[in-house]
Amino acid sequence: MSNGHSTWAPKVLLLICLASQCNAPKNNRQQVSGTTPVLLAGDTLEVNGIKLCWCPPGNFIMGSPRNEADRRPDEDQVEVTLTRGFWVGKYEVTQGQWKRVIGKLPGPLTADGGAGENFPLYNVNYAEALAFCQRLTELAHTSGELSKEWHFLLPTEAQWEYACRAGATTATAFGNTISNLQANFQGKPYNTNEGGTALKRDAEVGSYPPNAWGVCDMHGNVVEWCLDWYHWKLPGGKDADLSEVKGTMNRDSTFSRSRRGSAWVDDGWVCRCAFRQRFEPDRRYDHIGFRIVAVQK
Ligand SMILES: [Ca+2]
């Protein structure tokens with residue numbers, strides 16, 4: 001996709017301001033009237049050294065069709081409209097970015113999880129991930145890199161799946177198959193005998209090909225926290241946001257947040273765009289991290 005817009009900060013601010021003035025077109029383009037720039041899906045932006053990809057407003061079918069191999073019953077399809085475009089992290093948040101924005105890592109590093117500036121952050125709970133978003137927002141407002149009408153957050157499940165699919169209606173962003181040539185998971189590839197080698201540990205972010213909108217590692221590497229509470233039924237409709245609505249209760253009467261995207265410990269079928277998991281928000285694990293979005297307030 002076009003990466004024609006530079007990451008030069010004043011231009012970035014201009015683009016964000018322009019985006020905030022737009023209505024939702026039906027195609028994958030964010031049109032701005034007159035001679036002003038046009039934001040295209042996959043256009044890039046960099047804030048505080050963190051690369052982001054543009055996800056235009058649009059409609060999509062969230063979840064999986066009944067005939068998709070290995071689907072689960074909490075993936076029944078719904079139609080979703082996202083009326084406003086948003087920026088999504090090109091990569092999972094890295095350990096280096098965490099150190100720069102927050103300081104001390106939130107949890108221990110492990111041998112399998114990996115250590116290094118470009119490895120994804122993990123062993124982070126939901127509140128800590130949100131605190132990162134809040135601090136990054138403060139820094140970006142102060143530096144002028146982000147308009148005050150925008151802020152960083154975790155993606156809703158709808159935003160996550162929209163960015164993962166990048167226009168694809170297939171089981172994965174790469175078609176109805178996925179292998180270790182395309183994503184970091186272990187175990188059987190999905191719907192293919194294609195090879196590749198499972199690392200059986202984390203990889204540096206961006207070690208695998210991006211999807212059509214330039215976003216990397218939506219399939220595999222670390223699972224990613226979403227903003228929403230987990231609801232058995234997918235939220236459909238306009239700008240679905242279940243971050244304030246507690247959903248399906250766990251057996252022990254607790255509630256879970258949603259997490260998406262599979263990890264280096266998972267089989268290939270878990271990499272499907274529609275695959276969903278839950279996790280109690282105060283817990284942490286060495287294969288669960290997050291990625292950010294920038295959205296209008
Ligand atoms: Ca991931």
# chains A, B, ... in the order shown; residues from 1 in each chain; ligands from 1
call {"tool": "closest_atom_pairs", "arguments": {"of": "chain A", "to": "ligand 1", "cutoff": "6 Å", "atoms": "only C-alpha atoms and all ligand atoms", "output": "JSON lines"}}
result
{"residue": "A:Asp217", "atom": "CA", "partner": "ligand 1", "partner_atom_place_in_ligand_line": "1 (Ca)", "distance": 4.5}
{"residue": "A:Met218", "atom": "CA", "partner": "ligand 1", "partner_atom_place_in_ligand_line": "1 (Ca)", "distance": 4.4}
{"residue": "A:His219", "atom": "CA", "partner": "ligand 1", "partner_atom_place_in_ligand_line": "1 (Ca)", "distance": 5.3}
{"residue": "A:Gly220", "atom": "CA", "partner": "ligand 1", "partner_atom_place_in_ligand_line": "1 (Ca)", "distance": 4.6}
{"residue": "A:Asn221", "atom": "CA", "partner": "ligand 1", "partner_atom_place_in_ligand_line": "1 (Ca)", "distance": 4.8}
{"residue": "A:Val222", "atom": "CA", "partner": "ligand 1", "partner_atom_place_in_ligand_line": "1 (Ca)", "distance": 4.3}
{"residue": "A:Val223", "atom": "CA", "partner": "ligand 1", "partner_atom_place_in_ligand_line": "1 (Ca)", "distance": 4.9}
{"residue": "A:Glu224", "atom": "CA", "partner": "ligand 1", "partner_atom_place_in_ligand_line": "1 (Ca)", "distance": 5.8}
{"residue": "A:Gly261", "atom": "CA", "partner": "ligand 1", "partner_atom_place_in_ligand_line": "1 (Ca)", "distance": 5.2}
call {"tool": "closest_atom_pairs", "arguments": {"of": "region 87-135 of chain A", "to": "region 177-200 of chain A", "cutoff": "12 Å", "atoms": "only C-alpha atoms", "output": "Markdown table"}}
result
| residue | atom | partner | partner_atom | distance |
| --- | --- | --- | --- | --- |
| A:Ala111 | CA | A:Lys200 | CA | 10.8 |
| A:Asp112 | CA | A:Lys200 | CA | 7.4 |
| A:Gly113 | CA | A:Lys200 | CA | 9.5 |
| A:Gly114 | CA | A:Lys200 | CA | 10.9 |
call {"tool": "write_last_selection", "arguments": {"atoms": "C-alpha atoms", "output": "PDB file, in the first residue's frame"}}
result
ATOM      1  CA  ALA A 111      13.996 -17.399  28.197  1.00  0.00           C
ATOM      2  CA  ASP A 112      11.209 -18.186  25.698  1.00  0.00           C
ATOM      3  CA  GLY A 113       9.728 -14.712  25.772  1.00  0.00           C
ATOM      4  CA  GLY A 114      13.004 -13.163  24.811  1.00  0.00           C
TER       5      GLY A 114
END
call {"tool": "select_by_dssp", "arguments": {"residues": "region 99-239 of chain A", "states": "strand (DSSP E or B)", "output": "count of residues only"}}
result
20
call {"tool": "closest_residue", "arguments": {"among": "A:Asp282, A:Asp239, A:Asp228, A:Glu161", "to": "Thr81 (chain A)", "atoms": "only C-alpha atoms"}}
result
A:Asp239
call {"tool": "closest_residue", "arguments": {"among": "A:Phe86, A:Tyr91, A:Trp264, A:Phe174", "to": "Trp150 (chain A)", "atoms": "only C-alpha atoms"}}
result
A:Phe86
call {"tool": "residues_around", "arguments": {"residues": "Cys133 (chain A)", "least_positions_apart": "4", "cutoff": "9 Å", "atoms": "only C-alpha atoms", "output": "list in words"}}
result
Glu128, Ala129, Thr137, Glu138, His151, Phe152, Leu153, Leu154, Ile292 and Val293 of chain A
call {"tool": "closest_residue", "arguments": {"among": "A:Ser256, A:Pro65, A:Asn48, A:Glu244", "to": "Thr142 (chain A)", "atoms": "only C-alpha atoms"}}
result
A:Asn48
call {"tool": "atom_distance", "arguments": {"atom1": "CA of His141 (chain A)", "atom2": "CA of Val93 (chain A)"}}
result
19.1 Å
call {"tool": "atom_distance", "arguments": {"atom1": "CA of Asp241 (chain A)", "atom2": "CA of Cys164 (chain A)"}}
result
17.0 Å
call {"tool": "residues_around", "arguments": {"residues": "Asn123 (chain A)", "least_positions_apart": "5", "cutoff": "10 Å", "atoms": "only C-alpha atoms", "output": "ChimeraX atom specification"}}
result
/A:105-110,113,128,283-289
call {"tool": "residues_around", "arguments": {"residues": "Ala158 (chain A)", "least_positions_apart": "5", "cutoff": "9 Å", "atoms": "only C-alpha atoms", "output": "list in words"}}
result
Met62, Val80, Thr81, Leu82, Ala163, Leu234, Pro235, Gly236, Asp239, Ala240 and Asp241 of chain A
call {"tool": "write_last_selection", "arguments": {"atoms": "C-alpha atoms", "output": "PDB file, in the first residue's frame"}}
result
ATOM      1  CA  MET A  62     -16.510  -9.598  12.063  1.00  0.00           C
ATOM      2  CA  VAL A  80     -19.593  -3.811  12.036  1.00  0.00           C
ATOM      3  CA  THR A  81     -19.308  -0.197  10.959  1.00  0.00           C
ATOM      4  CA  LEU A  82     -16.353   1.848  12.084  1.00  0.00           C
ATOM      5  CA  ALA A 163      -6.896  -4.070  11.407  1.00  0.00           C
ATOM      6  CA  LEU A 234     -19.528 -10.550  19.217  1.00  0.00           C
ATOM      7  CA  PRO A 235     -20.542  -6.915  19.311  1.00  0.00           C
ATOM      8  CA  GLY A 236     -21.929  -5.766  15.981  1.00  0.00           C
ATOM      9  CA  ASP A 239     -18.346   1.637  16.577  1.00  0.00           C
ATOM     10  CA  ALA A 240     -18.821  -1.357  18.882  1.00  0.00           C
ATOM     11  CA  ASP A 241     -17.103  -0.654  22.190  1.00  0.00           C
TER      12      ASP A 241
END
call {"tool": "select_by_dssp", "arguments": {"residues": "region 131-261 of chain A", "states": "alpha helix (DSSP H)", "output": "list in words"}}
result
Ala131, Phe132, Cys133, Gln134, Arg135, Leu136, Thr137, Glu138, Leu139, Ala140, His141, Thr142, Ser143, Glu157, Ala158, Gln159, Trp160, Glu161, Tyr162, Ala163, Cys164 and Arg165 of chain A
call {"tool": "residues_around", "arguments": {"residues": "Val47 (chain A)", "least_positions_apart": "3", "cutoff": "7 Å", "atoms": "only C-alpha atoms", "output": "ChimeraX atom specification"}}
result
/A:50-51,140,145
call {"tool": "write_last_selection", "arguments": {"atoms": "C-alpha atoms", "output": "tab-separated table (two decimals), in the first residue's frame"}}
result
chain	number	residue	atom	x	y	z
A	50	ILE	CA	6.35	4.24	17.40
A	51	LYS	CA	5.20	3.37	13.89
A	140	ALA	CA	2.67	13.01	22.32
A	145	GLU	CA	3.05	14.96	17.60
call {"tool": "decode", "arguments": {"residues": "region 79-117 of chain A", "atoms": "N, CA and C atoms", "output": "tab-separated table (two decimals), in the first residue's frame"}}
result
chain	number	residue	atom	x	y	z
A	79	GLU	N	-22.16	-7.72	11.48
A	79	GLU	CA	-21.69	-6.62	10.64
A	79	GLU	C	-21.27	-5.46	11.52
A	80	VAL	N	-20.14	-4.91	11.23
A	80	VAL	CA	-19.59	-3.81	12.04
A	80	VAL	C	-19.33	-2.61	11.14
A	81	THR	N	-19.67	-1.45	11.63
A	81	THR	CA	-19.31	-0.20	10.96
A	81	THR	C	-18.39	0.60	11.87
A	82	LEU	N	-17.25	0.96	11.35
A	82	LEU	CA	-16.35	1.85	12.08
A	82	LEU	C	-16.43	3.20	11.39
A	83	THR	N	-17.07	4.15	12.04
A	83	THR	CA	-17.38	5.42	11.38
A	83	THR	C	-16.17	6.34	11.30
A	84	ARG	N	-15.16	6.05	12.11
A	84	ARG	CA	-13.98	6.92	12.10
A	84	ARG	C	-12.72	6.09	11.91
A	85	GLY	N	-11.84	6.59	11.09
A	85	GLY	CA	-10.57	5.92	10.91
A	85	GLY	C	-9.71	6.04	12.17
A	86	PHE	N	-8.71	5.21	12.26
A	86	PHE	CA	-7.81	5.23	13.42
A	86	PHE	C	-6.44	4.73	13.00
A	87	TRP	N	-5.47	5.00	13.85
A	87	TRP	CA	-4.11	4.52	13.62
A	87	TRP	C	-3.87	3.30	14.51
A	88	VAL	N	-3.26	2.27	13.95
A	88	VAL	CA	-2.94	1.08	14.74
A	88	VAL	C	-1.43	0.87	14.73
A	89	GLY	N	-0.89	0.40	15.83
A	89	GLY	CA	0.54	0.12	15.90
A	89	GLY	C	0.94	-0.86	14.80
A	90	LYS	N	1.99	-0.51	14.08
A	90	LYS	CA	2.47	-1.42	13.04
A	90	LYS	C	3.00	-2.70	13.67
A	91	TYR	N	3.52	-2.56	14.89
A	91	TYR	CA	4.08	-3.70	15.62
A	91	TYR	C	3.46	-3.77	17.01
A	92	GLU	N	3.63	-4.90	17.65
A	92	GLU	CA	3.33	-5.00	19.07
A	92	GLU	C	4.25	-4.03	19.82
A	93	VAL	N	3.79	-3.50	20.94
A	93	VAL	CA	4.64	-2.61	21.74
A	93	VAL	C	5.88	-3.39	22.18
A	94	THR	N	7.03	-2.76	22.02
A	94	THR	CA	8.29	-3.48	22.31
A	94	THR	C	8.80	-3.15	23.71
A	95	GLN	N	9.73	-3.97	24.13
A	95	GLN	CA	10.38	-3.74	25.43
A	95	GLN	C	11.11	-2.40	25.43
A	96	GLY	N	11.73	-2.05	24.31
A	96	GLY	CA	12.43	-0.78	24.22
A	96	GLY	C	11.49	0.41	24.34
A	97	GLN	N	10.33	0.30	23.69
A	97	GLN	CA	9.34	1.39	23.78
A	97	GLN	C	8.81	1.52	25.21
A	98	TRP	N	8.58	0.40	25.85
A	98	TRP	CA	8.10	0.44	27.23
A	98	TRP	C	9.11	1.15	28.14
A	99	LYS	N	10.36	0.79	27.98
A	99	LYS	CA	11.40	1.40	28.83
A	99	LYS	C	11.47	2.91	28.59
A	100	ARG	N	11.30	3.31	27.35
A	100	ARG	CA	11.41	4.73	27.03
A	100	ARG	C	10.20	5.52	27.55
A	101	VAL	N	9.01	4.92	27.51
A	101	VAL	CA	7.78	5.63	27.88
A	101	VAL	C	7.50	5.50	29.38
A	102	ILE	N	7.72	4.32	29.93
A	102	ILE	CA	7.36	4.05	31.33
A	102	ILE	C	8.58	3.87	32.21
A	103	GLY	N	9.55	3.12	31.76
A	103	GLY	CA	10.73	2.83	32.58
A	103	GLY	C	10.85	1.35	32.85
A	104	LYS	N	10.67	0.97	34.10
A	104	LYS	CA	10.86	-0.43	34.52
A	104	LYS	C	9.83	-1.35	33.86
A	105	LEU	N	10.28	-2.50	33.38
A	105	LEU	CA	9.36	-3.45	32.77
A	105	LEU	C	8.35	-3.93	33.81
A	106	PRO	N	7.10	-4.20	33.39
A	106	PRO	CA	6.05	-4.54	34.35
A	106	PRO	C	6.16	-5.94	34.93
A	107	GLY	N	6.86	-6.83	34.25
A	107	GLY	CA	6.99	-8.20	34.73
A	107	GLY	C	8.32	-8.78	34.30
A	108	PRO	N	8.61	-9.99	34.74
A	108	PRO	CA	9.90	-10.60	34.42
A	108	PRO	C	10.00	-11.01	32.95
A	109	LEU	N	11.22	-11.02	32.45
A	109	LEU	CA	11.49	-11.59	31.14
A	109	LEU	C	11.76	-13.08	31.31
A	110	THR	N	11.46	-13.84	30.26
A	110	THR	CA	11.69	-15.28	30.32
A	110	THR	C	12.57	-15.71	29.15
A	111	ALA	N	13.12	-16.90	29.26
A	111	ALA	CA	14.00	-17.40	28.20
A	111	ALA	C	13.23	-17.52	26.88
A	112	ASP	N	12.00	-18.02	26.92
A	112	ASP	CA	11.21	-18.19	25.70
A	112	ASP	C	10.64	-16.86	25.21
A	113	GLY	N	10.30	-16.00	26.15
A	113	GLY	CA	9.73	-14.71	25.77
A	113	GLY	C	10.73	-13.83	25.08
A	114	GLY	N	11.96	-13.94	25.47
A	114	GLY	CA	13.00	-13.16	24.81
A	114	GLY	C	13.24	-11.82	25.47
A	115	ALA	N	14.42	-11.29	25.22
A	115	ALA	CA	14.82	-10.01	25.79
A	115	ALA	C	15.52	-9.18	24.73
A	116	GLY	N	15.16	-7.92	24.65
A	116	GLY	CA	15.81	-7.03	23.70
A	116	GLY	C	14.90	-5.89	23.31
A	117	GLU	N	15.50	-4.81	22.84
A	117	GLU	CA	14.75	-3.60	22.53
A	117	GLU	C	13.61	-3.86	21.55
